[in-house]
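Below is my_file_2.cif, holding mmCIF, C-alpha atoms.
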data_input
loop_
_atom_site.group_PDB
_atom_site.id
_atom_site.type_symbol
_atom_site.label_atom_id
_atom_site.label_comp_id
_atom_site.auth_asym_id
_atom_site.auth_seq_id
_atom_site.Cartn_x
_atom_site.Cartn_y
_atom_site.Cartn_z
ATOM 1 C CA MET A 21 0.000 0.000 0.000
ATOM 2 C CA LEU A 22 2.472 2.703 1.101
ATOM 3 C CA LYS A 23 5.240 1.752 -1.320
ATOM 4 C CA ASP A 24 3.294 3.368 -4.172
ATOM 5 C CA SER A 25 2.241 6.462 -2.237
ATOM 6 C CA ALA A 26 4.009 9.814 -2.467
ATOM 7 C CA ILE A 27 6.015 10.902 0.562
ATOM 8 C CA MET A 28 5.742 14.353 2.093
ATOM 9 C CA ALA A 29 8.234 15.534 4.695
ATOM 10 C CA VAL A 30 6.825 17.614 7.556
ATOM 11 C CA LEU A 31 8.901 20.280 9.331
ATOM 12 C CA PRO A 32 8.040 22.426 12.369
ATOM 13 C CA ALA A 33 8.397 26.210 12.525
ATOM 14 C CA LYS A 34 8.104 28.447 15.576
ATOM 15 C CA ASP A 35 7.559 31.435 13.267
ATOM 16 C CA ILE A 36 5.908 30.489 9.966
ATOM 17 C CA ASN A 37 6.609 33.895 8.384
ATOM 18 C CA ARG A 38 10.299 33.728 9.297
ATOM 19 C CA ALA A 39 10.424 30.218 7.815
ATOM 20 C CA LYS A 40 8.691 31.403 4.631
ATOM 21 C CA ASP A 41 11.300 34.177 4.266
ATOM 22 C CA PHE A 42 14.172 31.704 4.814
ATOM 23 C CA TYR A 43 12.928 29.182 2.269
ATOM 24 C CA ARG A 44 12.314 31.972 -0.282
ATOM 25 C CA ASP A 45 15.446 34.067 0.273
ATOM 26 C CA LYS A 46 18.001 31.373 1.129
ATOM 27 C CA LEU A 47 16.744 28.331 -0.793
ATOM 28 C CA GLY A 48 14.827 30.003 -3.622
ATOM 29 C CA LEU A 49 11.572 28.163 -2.872
ATOM 30 C CA GLU A 50 8.023 29.511 -2.929
ATOM 31 C CA PRO A 51 5.102 27.723 -1.281
ATOM 32 C CA SER A 52 2.693 26.064 -3.701
ATOM 33 C CA GLU A 53 -0.121 26.261 -1.135
ATOM 34 C CA THR A 54 -0.909 27.948 2.158
ATOM 35 C CA ILE A 55 -3.180 25.932 4.452
ATOM 36 C CA GLU A 56 -4.055 27.779 7.687
ATOM 37 C CA ASP A 57 -0.694 28.109 9.538
ATOM 38 C CA SER A 58 1.104 25.714 7.160
ATOM 39 C CA LEU A 59 3.093 26.083 3.954
ATOM 40 C CA MET A 60 3.319 23.380 1.264
ATOM 41 C CA TYR A 61 6.357 23.273 -1.034
ATOM 42 C CA ARG A 62 6.685 21.152 -4.190
ATOM 43 C CA CYS A 63 10.116 19.963 -5.298
ATOM 44 C CA GLY A 64 11.447 17.616 -7.986
ATOM 45 C CA ASN A 65 9.979 14.292 -9.057
ATOM 46 C CA GLY A 66 6.665 14.862 -7.291
ATOM 47 C CA THR A 67 8.208 15.296 -3.849
ATOM 48 C CA SER A 68 6.950 17.853 -1.370
ATOM 49 C CA PHE A 69 7.263 19.095 2.171
ATOM 50 C CA LEU A 70 5.016 20.896 4.605
ATOM 51 C CA ILE A 71 6.065 23.459 7.206
ATOM 52 C CA TYR A 72 3.646 23.972 10.082
ATOM 53 C CA GLN A 73 3.669 26.332 13.049
ATOM 54 C CA THR A 74 4.471 24.815 16.463
ATOM 55 C CA ASP A 75 6.594 25.640 19.495
ATOM 56 C CA ASN A 76 8.429 22.303 19.053
ATOM 57 C CA ALA A 77 10.576 23.550 16.163
ATOM 58 C CA GLY A 78 14.333 23.185 16.434
ATOM 59 C CA THR A 79 14.300 20.447 19.069
ATOM 60 C CA ALA A 80 15.314 17.496 16.842
ATOM 61 C CA LYS A 81 19.013 16.647 16.848
ATOM 62 C CA ASN A 82 18.931 14.674 13.594
ATOM 63 C CA THR A 83 18.657 15.391 9.882
ATOM 64 C CA GLN A 84 15.011 16.067 9.197
ATOM 65 C CA MET A 85 14.968 16.490 5.422
ATOM 66 C CA GLY A 86 17.383 16.436 2.520
ATOM 67 C CA TRP A 87 17.716 17.020 -1.184
ATOM 68 C CA GLU A 88 19.670 14.835 -3.590
ATOM 69 C CA THR A 89 21.901 16.710 -6.030
ATOM 70 C CA ASP A 90 24.167 15.786 -8.915
ATOM 71 C CA ASN A 91 26.720 18.508 -8.033
ATOM 72 C CA ILE A 92 27.045 19.244 -4.318
ATOM 73 C CA GLU A 93 29.909 21.731 -4.695
ATOM 74 C CA ARG A 94 27.915 23.878 -7.163
ATOM 75 C CA ASP A 95 24.834 23.833 -4.954
ATOM 76 C CA MET A 96 26.814 24.629 -1.796
ATOM 77 C CA GLU A 97 28.445 27.588 -3.538
ATOM 78 C CA GLU A 98 25.052 28.941 -4.603
ATOM 79 C CA LEU A 99 23.540 28.403 -1.152
ATOM 80 C CA ARG A 100 26.526 30.060 0.540
ATOM 81 C CA GLY A 101 26.038 32.996 -1.819
ATOM 82 C CA ARG A 102 22.480 33.278 -0.491
ATOM 83 C CA GLY A 103 23.744 33.294 3.113
ATOM 84 C CA VAL A 104 23.402 29.619 4.066
ATOM 85 C CA THR A 105 26.032 28.431 6.566
ATOM 86 C CA PHE A 106 27.022 24.771 6.454
ATOM 87 C CA GLU A 107 27.670 22.874 9.675
ATOM 88 C CA ASP A 108 30.982 21.194 10.476
ATOM 89 C CA TYR A 109 30.984 17.885 12.338
ATOM 90 C CA ASP A 110 33.776 15.777 13.790
ATOM 91 C CA PHE A 111 32.578 12.709 15.637
ATOM 92 C CA PRO A 112 32.738 8.951 15.036
ATOM 93 C CA GLY A 113 31.117 8.149 11.715
ATOM 94 C CA LEU A 114 30.853 11.736 10.502
ATOM 95 C CA LYS A 115 33.608 14.239 9.771
ATOM 96 C CA THR A 116 33.210 17.203 7.472
ATOM 97 C CA GLU A 117 35.836 19.266 5.697
ATOM 98 C CA ASN A 118 34.681 22.698 4.553
ATOM 99 C CA GLY A 119 31.152 21.529 5.339
ATOM 100 C CA VAL A 120 31.295 18.308 3.278
ATOM 101 C CA SER A 121 31.386 14.702 4.466
ATOM 102 C CA THR A 122 32.581 12.011 2.059
ATOM 103 C CA ASP A 123 31.941 8.291 2.531
ATOM 104 C CA SER A 124 30.959 5.222 0.508
ATOM 105 C CA PHE A 125 27.446 6.671 -0.043
ATOM 106 C CA GLY A 126 28.852 9.849 -1.566
ATOM 107 C CA LYS A 127 29.028 13.418 -0.263
ATOM 108 C CA GLY A 128 26.770 15.203 2.208
ATOM 109 C CA ALA A 129 26.449 18.669 3.706
ATOM 110 C CA TRP A 130 24.165 19.934 6.490
ATOM 111 C CA PHE A 131 22.717 23.320 7.390
ATOM 112 C CA LEU A 132 20.070 24.738 9.706
ATOM 113 C CA ASP A 133 16.948 26.504 8.554
ATOM 114 C CA SER A 134 15.597 29.589 10.346
ATOM 115 C CA GLU A 135 13.716 27.343 12.786
ATOM 116 C CA GLY A 136 16.681 25.171 13.821
ATOM 117 C CA ASN A 137 15.700 22.183 11.640
ATOM 118 C CA ILE A 138 18.699 20.224 10.323
ATOM 119 C CA LEU A 139 18.590 19.989 6.521
ATOM 120 C CA ASN A 140 20.905 18.154 4.139
ATOM 121 C CA ILE A 141 22.032 18.060 0.551
ATOM 122 C CA ALA A 142 23.676 14.883 -0.720
ATOM 123 C CA GLN A 143 25.356 13.575 -3.845
ATOM 124 C CA ARG A 144 25.565 9.832 -4.328
ATOM 125 C CA ALA A 145 28.887 8.316 -5.345
#
Could I get this file's structure written as structure tokens?
Amino acid sequence: MLKDSAIMAVLPAKDINRAKDFYRDKLGLEPSETIEDSLMYRCGNGTSFLIYQTDNAGTAKNTQMGWETDNIERDMEELRGRGVTFEDYDFPGLKTENGVSTDSFGKGAWFLDSEGNILNIAQRA
């Protein structure tokens, strides 16, 4: 049943207007729908995500959503030009250099949105 259903990520925002500004100004995304205190975004290949207002935003300590890219360096350069700051990590199983981790999967980079959600871009090897 679920294997043929579309997936929609869901992210929390303490301030929905601040989140809307971040996703527009930093990531170049516009909501496709506004539903009460929620914003729906459509991305490639029929994927989507919803941002909803809640005081729980920014409490997760894990990657909450990511995009797959075919050129991580190009995309990081563009995002940095828009003011996105990439996180650096150095702990067992994950070490970044200049914001990028490389392993057998490929390359990954993480950044925080305006609400403290951990987002990722990744390029498969």
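Matched in the shown structure by the PyMOL selection byres ((chain A and resi 136) around 8): Ala77, Gly78, Thr79, Leu132, Asp133, Ser134, Glu135, Asn137 and Ile138 of chain A.
What separates CA of Ile36 in chain A from CA of Gly48 in chain A is a distance of 16.3 Å.
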If you apply the PyMOL selection byres ((chain A and resi 128-130) around 6) to this file, what residues do you get, as an MDAnalysis selection string?
chainID A and resid 106:107 119:121 127 131 139:142
Please dump the current selection as a CSV table (one decimal), in the coordinates of the input; keep C-alpha atoms.
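In the end it all went to again04.csv:
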chain,number,residue,atom,x,y,z
A,106,PHE,CA,27.0,24.8,6.5
A,107,GLU,CA,27.7,22.9,9.7
A,119,GLY,CA,31.2,21.5,5.3
A,120,VAL,CA,31.3,18.3,3.3
A,121,SER,CA,31.4,14.7,4.5
A,127,LYS,CA,29.0,13.4,-0.3
A,131,PHE,CA,22.7,23.3,7.4
A,139,LEU,CA,18.6,20.0,6.5
A,140,ASN,CA,20.9,18.2,4.1
A,141,ILE,CA,22.0,18.1,0.6
A,142,ALA,CA,23.7,14.9,-0.7
The PyMOL selection byres ((chain A and resi 38) around 12) resolved against shown file, as a list in words:
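Applied to this file, the PyMOL selection byres ((chain A and resi 38) around 12) returns Pro32, Ala33, Lys34, Asp35, Ile36, Asn37, Ala39, Lys40, Asp41, Phe42, Tyr43, Arg44, Asp45, Lys46, Leu59, Ile71, Tyr72, Gln73, Asp133, Ser134, Glu135 and Gly136 of chain A.
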Non-local contacts of Ala29 in chain A (9 Å; all atoms listed in the file; under 3 positions in same chain excluded) as a compact mmCIF listing (two decimals) with C-alpha atoms, keeping the file's coordinate frame:
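Now in out_37.txt:
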# COMPACT_ATOMS: atom_id res chain seq x y z
CA THR A 67 8.21 15.30 -3.85
CA SER A 68 6.95 17.85 -1.37
CA PHE A 69 7.26 19.10 2.17
CA LEU A 70 5.02 20.90 4.61
CA ILE A 71 6.06 23.46 7.21
CA GLN A 84 15.01 16.07 9.20
CA MET A 85 14.97 16.49 5.42
Between A:Ala80, A:Leu47, A:Leu31, A:Ala26, single out the one closest to Asn65 in chain A, counting all atoms listed in the file.
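Going through A:Ala80, A:Leu47, A:Leu31, A:Ala26 one by one, the smallest distance to Asn65 in chain A is for A:Ala26.
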Could you tell me how far CA of Gln143 in chain A sits from CA of Arg94 in chain A, in Å to one decimal place?
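Answer for the CA of Arg94 in chain A to CA of Gln143 in chain A separation: 11.1 Å.
The coordinates place CA of Ser52 in chain A at 13.4 Å from CA of Met28 in chain A.
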Centre and edge lengths of an axis-aligned box around all listed atoms of range 101-120 of chain A, with 8 Å added on each side, are to be given in Å to one decimal, as JSON.
{"center_x": 29.2, "center_y": 20.7, "center_z": 6.9, "size_x": 29.4, "size_y": 41.1, "size_z": 33.5}
Nearest residue to Gly64 in chain A from the set A:Ser25, A:Thr122, A:Thr89, A:Asn82 (distances using only C-alpha atoms)
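Checking each of A:Ser25, A:Thr122, A:Thr89, A:Asn82 against Gly64 in chain A, counting only C-alpha atoms, the winner is A:Thr89.
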Using only C-alpha atoms, the best pick from A:Asp108, A:Glu98, A:Glu117, A:Glu88 as closest to Arg144 in chain A would be A:Glu88
